[in-house]
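Quick look at entry.tsv (TSV, C-alpha atoms and all ligand atoms):
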```tsv
chain	number	residue	atom	x	y	z
G	1	MET	CA	10.14	9.01	11.57
G	2	LYS	CA	7.33	6.63	12.44
G	3	ILE	CA	6.58	4.42	9.45
G	4	ALA	CA	3.90	1.76	9.09
G	5	VAL	CA	4.13	-0.74	6.25
G	6	CYS	CA	1.02	-2.60	5.12
G	7	ILE	CA	1.88	-6.19	4.45
G	8	LYS	CA	-0.45	-8.67	2.82
G	9	GLN	CA	0.33	-12.36	2.90
G	10	VAL	CA	-0.30	-13.86	-0.54
G	11	PRO	CA	-0.03	-17.37	-1.98
G	12	GLY	CA	3.50	-18.20	-3.11
G	13	LYS	CA	4.43	-20.80	-5.67
G	14	PHE	CA	2.29	-23.85	-6.17
G	15	LYS	CA	3.64	-27.06	-4.71
G	16	ILE	CA	3.91	-29.55	-7.54
G	17	GLU	CA	3.28	-33.05	-6.26
G	18	ILE	CA	2.76	-36.44	-7.84
G	19	ASP	CA	-0.40	-38.33	-7.03
G	20	PRO	CA	0.92	-41.67	-5.67
G	21	GLN	CA	-2.03	-43.59	-7.10
G	22	SER	CA	-2.36	-42.20	-10.60
G	23	GLY	CA	1.23	-40.97	-10.98
G	24	ALA	CA	-0.20	-37.69	-12.30
G	25	LEU	CA	1.25	-34.29	-11.44
G	26	THR	CA	-0.98	-32.36	-9.04
G	27	LYS	CA	-0.75	-28.78	-7.84
G	28	SER	CA	-1.84	-28.85	-4.24
G	29	GLY	CA	-1.56	-26.27	-1.53
G	30	THR	CA	0.49	-23.11	-1.73
G	31	ASP	CA	3.35	-21.62	0.18
G	32	SER	CA	2.76	-18.12	1.43
G	33	MET	CA	4.91	-15.07	1.08
G	34	ILE	CA	4.89	-11.31	1.59
G	35	ASN	CA	3.14	-9.68	-1.37
G	36	PRO	CA	6.04	-8.70	-3.73
G	37	PHE	CA	5.13	-4.97	-3.82
G	38	ASP	CA	5.00	-5.01	0.00
G	39	GLN	CA	8.57	-6.32	0.05
G	40	ASN	CA	9.51	-3.11	-1.81
G	41	ALA	CA	7.38	-1.08	0.64
G	42	LEU	CA	9.21	-2.60	3.60
G	43	GLU	CA	12.62	-2.10	1.98
G	44	GLU	CA	11.86	1.59	1.40
G	45	ALA	CA	10.71	2.00	5.00
G	46	LEU	CA	13.93	0.40	6.25
G	47	ARG	CA	16.04	2.69	4.05
G	48	LEU	CA	14.16	5.76	5.34
G	49	LYS	CA	14.73	4.60	8.91
G	50	GLU	CA	18.44	4.05	8.25
G	51	LYS	CA	18.69	7.60	6.86
G	52	HIS	CA	16.38	9.53	9.18
G	53	GLY	CA	16.00	7.31	12.26
G	54	GLY	CA	12.68	6.21	13.70
G	55	LYS	CA	10.66	3.05	13.83
G	56	VAL	CA	9.16	0.66	11.28
G	57	SER	CA	5.95	-1.21	12.12
G	58	ALA	CA	4.68	-3.96	9.85
G	59	VAL	CA	0.88	-4.27	9.91
G	60	SER	CA	-1.21	-7.01	8.34
G	61	MET	CA	-4.86	-7.98	8.37
G	62	GLY	CA	-5.33	-11.67	7.88
G	63	PRO	CA	-5.74	-15.09	9.43
G	64	ALA	CA	-3.36	-16.46	12.09
G	65	GLN	CA	-0.91	-17.78	9.46
G	66	ALA	CA	-0.26	-14.22	8.24
G	67	ALA	CA	1.99	-14.00	11.33
G	68	GLU	CA	4.60	-15.93	9.28
G	69	SER	CA	4.90	-13.03	6.85
G	70	LEU	CA	5.14	-10.58	9.74
G	71	ARG	CA	7.93	-12.67	11.23
G	72	GLU	CA	9.68	-12.43	7.87
G	73	ALA	CA	9.26	-8.64	8.05
G	74	ILE	CA	10.99	-8.65	11.44
G	75	ALA	CA	13.80	-10.80	10.02
G	76	LEU	CA	14.28	-8.14	7.35
G	77	GLY	CA	14.48	-5.33	9.92
G	78	ALA	CA	10.99	-4.20	11.00
G	79	ASP	CA	10.96	-3.12	14.65
G	80	GLU	CA	7.51	-4.50	15.42
G	81	ALA	CA	4.77	-6.48	13.78
G	82	ILE	CA	1.03	-6.26	14.33
G	83	LEU	CA	-1.51	-8.76	13.08
G	84	LEU	CA	-5.14	-7.63	12.88
G	85	SER	CA	-6.99	-10.89	13.06
G	86	ASP	CA	-10.50	-11.97	13.95
G	87	PRO	CA	-12.89	-14.54	12.45
G	88	ALA	CA	-15.29	-11.58	12.02
G	89	PHE	CA	-12.89	-10.08	9.43
G	90	GLU	CA	-13.33	-13.06	7.08
G	91	GLY	CA	-14.93	-12.20	3.75
G	92	SER	CA	-13.79	-8.57	3.90
G	93	ASP	CA	-13.65	-6.74	0.58
G	94	THR	CA	-11.11	-3.95	0.04
G	95	TRP	CA	-13.33	-1.39	1.84
G	96	ALA	CA	-13.69	-3.51	4.99
G	97	THR	CA	-9.98	-4.45	4.81
G	98	ALA	CA	-9.00	-0.77	4.65
G	99	HIS	CA	-11.39	-0.03	7.54
G	100	VAL	CA	-9.74	-2.66	9.76
G	101	LEU	CA	-6.28	-1.38	8.77
G	102	SER	CA	-7.37	2.18	9.61
G	103	LEU	CA	-8.44	1.04	13.09
G	104	GLY	CA	-5.06	-0.68	13.48
G	105	MET	CA	-3.20	2.49	12.46
G	106	LYS	CA	-5.21	4.55	14.97
G	107	LYS	CA	-4.49	2.10	17.79
G	108	LEU	CA	-0.82	2.03	16.80
G	109	GLY	CA	-0.64	5.80	17.12
G	110	PRO	CA	-0.84	7.61	13.78
G	111	PRO	CA	2.39	7.09	11.79
G	112	ASP	CA	4.16	9.90	9.91
G	113	LEU	CA	4.13	7.74	6.80
G	114	ILE	CA	2.16	4.69	5.70
G	115	ILE	CA	3.66	2.66	2.85
G	116	CYS	CA	1.64	0.13	0.87
G	117	GLY	CA	2.41	-1.90	-2.22
G	118	ARG	CA	0.83	-0.74	-5.47
G	119	GLN	CA	-1.33	-3.87	-5.60
G	120	SER	CA	-1.54	-7.38	-4.29
G	121	LEU	CA	-0.50	-10.43	-6.25
G	122	ASP	CA	-3.87	-12.12	-5.78
G	123	GLY	CA	-6.64	-9.50	-5.41
G	124	GLU	CA	-4.84	-6.94	-7.62
G	125	THR	CA	-7.34	-4.14	-7.06
G	126	GLY	CA	-4.85	-1.54	-5.83
G	127	GLN	CA	-7.70	-0.08	-3.77
G	128	VAL	CA	-6.63	-0.72	-0.18
G	129	GLY	CA	-3.89	1.96	0.02
G	130	PRO	CA	-6.00	4.89	-1.26
G	131	GLU	CA	-9.05	3.75	0.74
G	132	LEU	CA	-6.95	3.55	3.90
G	133	ALA	CA	-5.57	7.06	3.32
G	134	GLU	CA	-9.07	8.40	2.74
G	135	MET	CA	-10.38	6.80	5.93
G	136	LEU	CA	-7.52	8.34	7.93
G	137	GLY	CA	-7.89	11.72	6.21
G	138	LEU	CA	-4.34	11.52	4.81
G	139	PRO	CA	-2.93	12.65	1.45
G	140	PHE	CA	-1.99	9.75	-0.83
G	141	VAL	CA	0.51	9.35	-3.67
G	142	SER	CA	0.31	6.20	-5.78
G	143	SER	CA	2.99	4.30	-7.77
G	144	VAL	CA	5.98	5.95	-6.11
G	145	SER	CA	9.22	4.93	-7.84
G	146	ARG	CA	11.69	7.10	-5.91
G	147	ILE	CA	11.74	9.10	-2.71
G	148	GLU	CA	13.90	12.14	-3.41
G	149	GLU	CA	13.82	14.05	-0.16
G	150	VAL	CA	12.20	13.96	3.24
G	151	GLY	CA	11.96	17.42	4.75
G	152	GLU	CA	10.32	19.01	7.76
G	153	GLY	CA	6.70	17.87	7.45
G	154	SER	CA	6.86	17.03	3.75
G	155	MET	CA	8.29	14.54	1.30
G	156	ARG	CA	9.29	14.88	-2.38
G	157	MET	CA	9.10	11.87	-4.61
G	158	GLN	CA	8.77	10.57	-8.16
G	159	ARG	CA	5.72	8.64	-9.22
G	160	MET	CA	5.57	6.49	-12.31
G	161	ALA	CA	3.23	7.67	-15.04
G	162	GLU	CA	2.42	6.37	-18.51
G	163	GLU	CA	4.48	9.09	-20.21
G	164	GLY	CA	7.36	9.31	-17.71
G	165	HIS	CA	7.57	10.52	-14.13
G	166	HIS	CA	5.75	13.08	-12.02
G	167	VAL	CA	7.70	14.77	-9.24
G	168	VAL	CA	5.30	15.51	-6.40
G	169	GLU	CA	5.54	16.90	-2.91
G	170	MET	CA	3.25	15.60	-0.20
G	171	GLN	CA	2.62	16.86	3.30
G	172	LEU	CA	3.31	14.48	6.18
G	173	PRO	CA	1.63	12.60	7.73
G	174	GLY	CA	0.67	10.90	4.50
G	175	ALA	CA	0.45	7.58	2.71
G	176	ILE	CA	2.00	6.21	-0.47
G	177	SER	CA	2.00	3.07	-2.58
G	178	VAL	CA	5.20	1.91	-4.23
G	179	VAL	CA	6.11	0.12	-7.46
G	180	LYS	CA	8.79	-2.54	-7.76
G	181	GLU	CA	11.17	-0.15	-9.58
G	182	ILE	CA	11.71	1.78	-6.32
G	183	ASN	CA	14.33	-0.60	-4.92
G	184	VAL	CA	15.69	-4.12	-4.69
G	185	PRO	CA	14.55	-5.70	-1.42
G	186	ARG	CA	17.30	-7.01	0.85
G	187	LEU	CA	17.64	-10.58	2.07
G	188	PRO	CA	17.29	-11.32	5.79
G	189	SER	CA	20.50	-11.47	7.83
G	190	LEU	CA	21.28	-14.43	10.09
G	191	ARG	CA	20.86	-12.12	13.11
G	192	GLY	CA	17.50	-10.96	11.76
G	193	LEU	CA	16.34	-14.54	11.30
G	194	MET	CA	17.32	-15.39	14.89
G	195	GLN	CA	15.50	-12.28	16.19
G	196	ALA	CA	12.40	-13.08	14.16
G	197	LYS	CA	12.22	-16.58	15.66
G	198	LYS	CA	11.89	-15.14	19.16
G	199	ALA	CA	9.91	-12.00	18.29
G	200	ALA	CA	6.42	-11.60	19.71
G	201	ILE	CA	3.82	-10.69	17.12
G	202	THR	CA	1.14	-8.42	18.57
G	203	VAL	CA	-2.36	-9.59	17.65
G	204	TRP	CA	-5.36	-7.26	17.87
G	205	ASN	CA	-8.86	-8.64	17.39
G	206	GLY	CA	-12.05	-6.80	16.51
G	207	GLN	CA	-12.90	-6.01	20.12
G	208	GLU	CA	-9.43	-4.65	20.88
G	209	LEU	CA	-9.67	-2.50	17.76
G	210	GLY	CA	-13.16	-1.29	18.70
G	211	ALA	CA	-14.46	-2.57	15.37
G	212	ASP	CA	-18.18	-2.32	14.66
G	213	PRO	CA	-19.21	-5.84	13.44
G	214	ALA	CA	-21.43	-4.19	10.82
G	215	ARG	CA	-18.37	-2.59	9.17
G	216	VAL	CA	-16.09	-5.63	8.91
G	217	GLY	CA	-16.16	-9.00	7.16
G	218	SER	CA	-18.78	-9.80	4.52
G	219	GLN	CA	-21.39	-7.81	6.48
G	220	GLY	CA	-19.31	-4.64	6.16
G	221	SER	CA	-18.37	-5.25	2.52
G	222	PRO	CA	-20.32	-3.32	-0.09
G	223	LEU	CA	-18.71	-5.38	-2.88
G	224	ARG	CA	-19.78	-8.94	-3.62
G	225	THR	CA	-17.83	-11.24	-5.94
G	226	VAL	CA	-20.45	-12.74	-8.25
G	227	ARG	CA	-18.29	-15.05	-10.32
G	228	VAL	CA	-14.61	-15.94	-10.66
G	229	THR	CA	-13.39	-17.49	-13.91
G	230	GLN	CA	-10.03	-18.77	-14.99
G	231	PRO	CA	-8.67	-17.99	-18.46
G	232	GLN	CA	-9.32	-20.78	-20.95
G	233	ARG	CA	-6.01	-21.75	-22.45
G	234	SER	CA	-7.11	-24.44	-24.90
G	235	ALA	CA	-5.95	-23.42	-28.37
G	236	GLN	CA	-8.67	-23.44	-30.99
G	237	ARG	CA	-8.41	-22.25	-34.56
G	238	GLU	CA	-11.15	-21.66	-37.05
G	239	MET	CA	-11.02	-20.12	-40.53
G	240	LEU	CA	-13.99	-17.86	-41.20
G	241	GLN	CA	-15.52	-17.60	-44.66
G	242	GLY	CA	-17.49	-14.84	-46.36
G	243	SER	CA	-17.12	-11.08	-46.74
G	244	PRO	CA	-14.95	-9.09	-44.26
G	245	GLU	CA	-18.16	-7.55	-42.80
G	246	SER	CA	-19.82	-10.91	-42.17
G	247	GLN	CA	-16.58	-12.28	-40.68
G	248	VAL	CA	-16.44	-9.35	-38.23
G	249	ASP	CA	-20.10	-9.98	-37.25
G	250	GLU	CA	-19.30	-13.64	-36.71
G	251	VAL	CA	-16.24	-12.85	-34.54
G	252	VAL	CA	-18.29	-10.44	-32.40
G	253	GLU	CA	-21.01	-13.06	-31.95
G	254	LYS	CA	-18.46	-15.74	-30.98
G	255	LEU	CA	-16.84	-13.40	-28.43
G	256	ARG	CA	-20.29	-12.65	-26.99
G	257	GLN	CA	-21.09	-16.33	-26.72
G	258	SER	CA	-17.81	-17.03	-24.95
G	259	ARG	CA	-18.57	-14.08	-22.58
G	260	ILE	CA	-15.44	-12.17	-23.62
G	261	LEU	CA	-17.64	-9.25	-24.73
P	1	LIG	C1	-16.59	-10.15	-1.55
P	1	LIG	C2	-15.17	-10.41	-1.20
P	1	LIG	C3	-14.89	-11.35	-0.24
P	1	LIG	C4	-13.57	-11.60	0.10
P	1	LIG	N1	-13.30	-12.51	1.06
P	1	LIG	C5	-12.04	-12.75	1.42
P	1	LIG	C6	-11.73	-13.69	2.41
P	1	LIG	O1	-12.62	-14.29	3.00
P	1	LIG	N2	-10.42	-13.90	2.74
P	1	LIG	C7	-9.43	-13.21	2.10
P	1	LIG	O2	-8.25	-13.42	2.41
P	1	LIG	N3	-9.69	-12.31	1.15
P	1	LIG	C8	-10.97	-12.07	0.78
P	1	LIG	N4	-11.25	-11.18	-0.17
P	1	LIG	C9	-10.16	-10.49	-0.79
P	1	LIG	C10	-9.84	-9.31	0.04
P	1	LIG	O3	-10.91	-8.42	0.12
P	1	LIG	C11	-8.73	-8.60	-0.61
P	1	LIG	O4	-7.66	-9.48	-0.77
P	1	LIG	C12	-8.27	-7.46	0.25
P	1	LIG	O5	-9.31	-6.58	0.48
P	1	LIG	C13	-7.14	-6.73	-0.37
P	1	LIG	O6	-7.48	-6.33	-1.65
P	1	LIG	P1	-6.44	-6.57	-2.80
P	1	LIG	O7	-5.93	-7.96	-2.64
P	1	LIG	O8	-7.05	-6.17	-4.09
P	1	LIG	O9	-5.27	-5.58	-2.37
P	1	LIG	P2	-4.73	-4.30	-3.12
P	1	LIG	O10	-5.65	-3.17	-2.89
P	1	LIG	O11	-4.33	-4.62	-4.52
P	1	LIG	O12	-3.42	-4.11	-2.22
P	1	LIG	C14	-2.67	-2.91	-2.25
P	1	LIG	C15	-1.82	-2.85	-1.02
P	1	LIG	O13	-2.66	-2.71	0.14
P	1	LIG	C16	-2.07	-3.40	1.24
P	1	LIG	N5	-2.96	-4.48	1.67
P	1	LIG	C17	-3.93	-5.11	0.97
P	1	LIG	N6	-4.53	-6.04	1.72
P	1	LIG	C18	-3.92	-6.01	2.93
P	1	LIG	C19	-4.07	-6.75	4.13
P	1	LIG	N7	-4.98	-7.72	4.25
P	1	LIG	N8	-3.26	-6.45	5.17
P	1	LIG	C20	-2.33	-5.47	5.07
P	1	LIG	N9	-2.13	-4.74	3.96
P	1	LIG	C21	-2.92	-5.02	2.90
P	1	LIG	C22	-0.74	-3.97	0.75
P	1	LIG	O14	0.28	-3.04	1.00
P	1	LIG	C23	-0.98	-4.10	-0.76
P	1	LIG	O15	0.21	-4.08	-1.51
P	1	LIG	C24	-12.54	-10.91	-0.55
P	1	LIG	C25	-12.84	-9.97	-1.53
P	1	LIG	C26	-14.15	-9.72	-1.86
P	1	LIG	C27	-14.45	-8.71	-2.92
```

When written as C-alpha cells, how does the structure in this file appear?
Amino acid sequence: MKIAVCIKQVPGKFKIEIDPQSGALTKSGTDSMINPFDQNALEEALRLKEKHGGKVSAVSMGPAQAAESLREAIALGADEAILLSDPAFEGSDTWATAHVLSLGMKKLGPPDLIICGRQSLDGETGQVGPELAEMLGLPFVSSVSRIEEVGEGSMRMQRMAEEGHHVVEMQLPGAISVVKEINVPRLPSLRGLMQAKKAAITVWNGQELGADPARVGSQGSPLRTVRVTQPQRSAQREMLQGSPESQVDEVVEKLRQSRIL
C-alpha cells in the first residue's frame, strides 16, 4: 500500500526568556514541531504499512526549515520525505497550499491513500485535506477515529460525529483526515534517529512541480486575511442597572462596540 502523509510544520512551545536589561520575562521565537494531528496521521500510516506492507511518504509544503519536521517523520519510520518549497509559494492560502500538495502527489505517483490531520494547530481551517482530495478527484472521509479494515480496493473506517460514530466504506485510492483519538503516536527509536540524521530530504520547487505561478502563493490565493486579532484577556466587570430589557440592549451595544457581534 502506497501511503502519503501530509505533514505541516507548526510553531511549538514559546521559548520563555528573560530580558537581560529589564529582567522581564519575554516570549521570543518558537520551536517547531509536526502538527499534532499529523503525528496521528503518520502513526496510522506506519501501522497500516506494518500490517499490509508498502511505503510511507511524508510530504510537506513549507519553507526550508520544514525539512526538520520531515526528518522527524523519517526518525519515526517514514520511508521517504518530500519538501515542496519555493519562495513563490509564500503567502499561499489553503487553496494554493492544496494545489501545491496536489502537484506533489502527482509527481510522487498517485498514492493509494493520502492521510492528513483534521486541522493544523495554527491555521485551524481543516480545509487543506478536502481541497486536496477534490483537486485529485479522490473520495474523502474526514475525522477518522479508527480504521477497521482495508480490503481489495476499499477501506472501512469509523469517523467521529457529534452523536457518536459513523462507519463508512471508501473506495481506494482515497484520502482521509484523522482525529487524535485514532492512536497514540510512537516515539522515535535510536536507530530511526540515526537514519534520519543521514536521510536525504527530496526538495521539489515550483518549476520541478510544473506549478503555474498564477496558482500559487498570494497570487494564486482567493482568500485574503483582512485582520488578525488576539483575544483580550483583561478581566472587566460592570454591574448594569435598569430593566432586564434595557440591560439586554446595553449588553448587545457593548458587544457591538467591542466587535464581538
Ligand atoms: C492570505 C493568507 C496568506 C497566508 N500566508 C502564509 C504564509 O506566507 N506562510 C505560511 O506559512 N502560511 C500562510 N498562510 C497560512 C496557510 O495558508 C495555511 O497555514 C495553510 O494553507 C494550511 O491551512 P491550515 O493551517 O488551516 O491547515 P488545515 O487545513 O487546518 O490542515 C489540515 C491538514 O492539512 C495538511 N496540511 C495543511 N497545510 C499543510 C502543508 N503546508 N503541508 C503539508 N500538509 C499540510 C495537514 O495534514 C493538516 O493536518 C496564509 C493564509 C492566508 C489565508

Q) By how many Å are atom C22 of ligand LIG 1 (chain P) and CA of Cys116 (chain G) apart? A) 4.7 Å

**Q.** Polymer residues at most 9 Å from region 83-100 of chain G, all atoms listed in the file, same-chain spacing of 3 or more positions, as a PyMOL selection string
**A.** chain G and resi 58-64+66-67+70+103-105+123+125-133+135+201-207+209+211+213+215-225

Q. Of the residues G:Asn40, G:Asn183, G:Ser243, G:Gln119, which is the one nearest to ligand LIG 1 (chain P), using all atoms listed in the file?
A.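 Between G:Asn40, G:Asn183, G:Ser243, G:Gln119, the residue approaching ligand LIG 1 (chain P) most closely is G:Gln119.
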
Put a box with edges along x, y and z around all the listed atoms of region 38-44 of chain G, pad it by 3 Å on each side, then give me its centre and sizes in Å, one decimal, as lines of an AutoDock Vina configuration file.
```
center_x = 8.8
center_y = -2.4
center_z = 0.9
size_x = 13.6
size_y = 13.9
size_z = 11.4
```

Q: Figure out the distance between CA of Ser142 (chain G) and CA of Met160 (chain G), please, to one decimal in Å.
A: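 That distance, rounded to one decimal, is 8.4 Å.
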
Q: Would you be able to write out as a list in words which residues have an atom within 10 Å of (1.2, 6.7, 13.0) in the file's coordinates, counting only C-alpha atoms?
A: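 Every residue inside that radius is included here: Met1, Lys2, Ile3, Ala4, Ser57, Gly104, Met105, Lys106, Lys107, Leu108, Gly109, Pro110, Pro111, Asp112, Leu113, Ile114, Pro173 and Gly174 of chain G.
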
**Q.** Distance of CA of Met155 (chain G) from CA of Arg186 (chain G), expressed in Å to one decimal place
**A.**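 Between CA of Arg186 (chain G) and CA of Met155 (chain G) the gap is 23.4 Å.
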
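Proximity to Ile115 (chain G) was assessed for G:Arg47, G:Glu208, G:Glu181, G:Ile7 counting all atoms listed in the file; the smallest distance is recorded for G:Ile7.
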
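Every protein or nucleic acid residue with an atom no more than 8 Å from Ala41 (chain G), counting only C-alpha atoms and leaving out same-chain residues fewer than 3 positions away, appears here: Val5, Cys6, Phe37, Asp38, Glu44, Ala45, Ile115, Cys116, Gly117, Ser177 and Val178 of chain G.
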
Include C-alpha atoms and write out the residues we just selected as a PDB file, keeping the file's coordinate frame.
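out-v1.pdb written:
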```
ATOM      1  CA  VAL G   5       4.130  -0.740   6.250  1.00  0.00           C
ATOM      2  CA  CYS G   6       1.020  -2.600   5.120  1.00  0.00           C
ATOM      3  CA  PHE G  37       5.130  -4.970  -3.820  1.00  0.00           C
ATOM      4  CA  ASP G  38       5.000  -5.010   0.000  1.00  0.00           C
ATOM      5  CA  GLU G  44      11.860   1.590   1.400  1.00  0.00           C
ATOM      6  CA  ALA G  45      10.710   2.000   5.000  1.00  0.00           C
ATOM      7  CA  ILE G 115       3.660   2.660   2.850  1.00  0.00           C
ATOM      8  CA  CYS G 116       1.640   0.130   0.870  1.00  0.00           C
ATOM      9  CA  GLY G 117       2.410  -1.900  -2.220  1.00  0.00           C
ATOM     10  CA  SER G 177       2.000   3.070  -2.580  1.00  0.00           C
ATOM     11  CA  VAL G 178       5.200   1.910  -4.230  1.00  0.00           C
TER      12      VAL G 178
END
```

Q | Test item: residues at most 10 Å from Glu68 (chain G), all atoms listed in the file, excluding those fewer than 2 positions along its chain, as a list in words | A | Gln9, Ser32, Met33, Ile34, Ala64, Gln65, Ala66, Leu70, Arg71, Glu72, Ala73, Ile74, Ala196, Lys197 and Ile201 of chain G
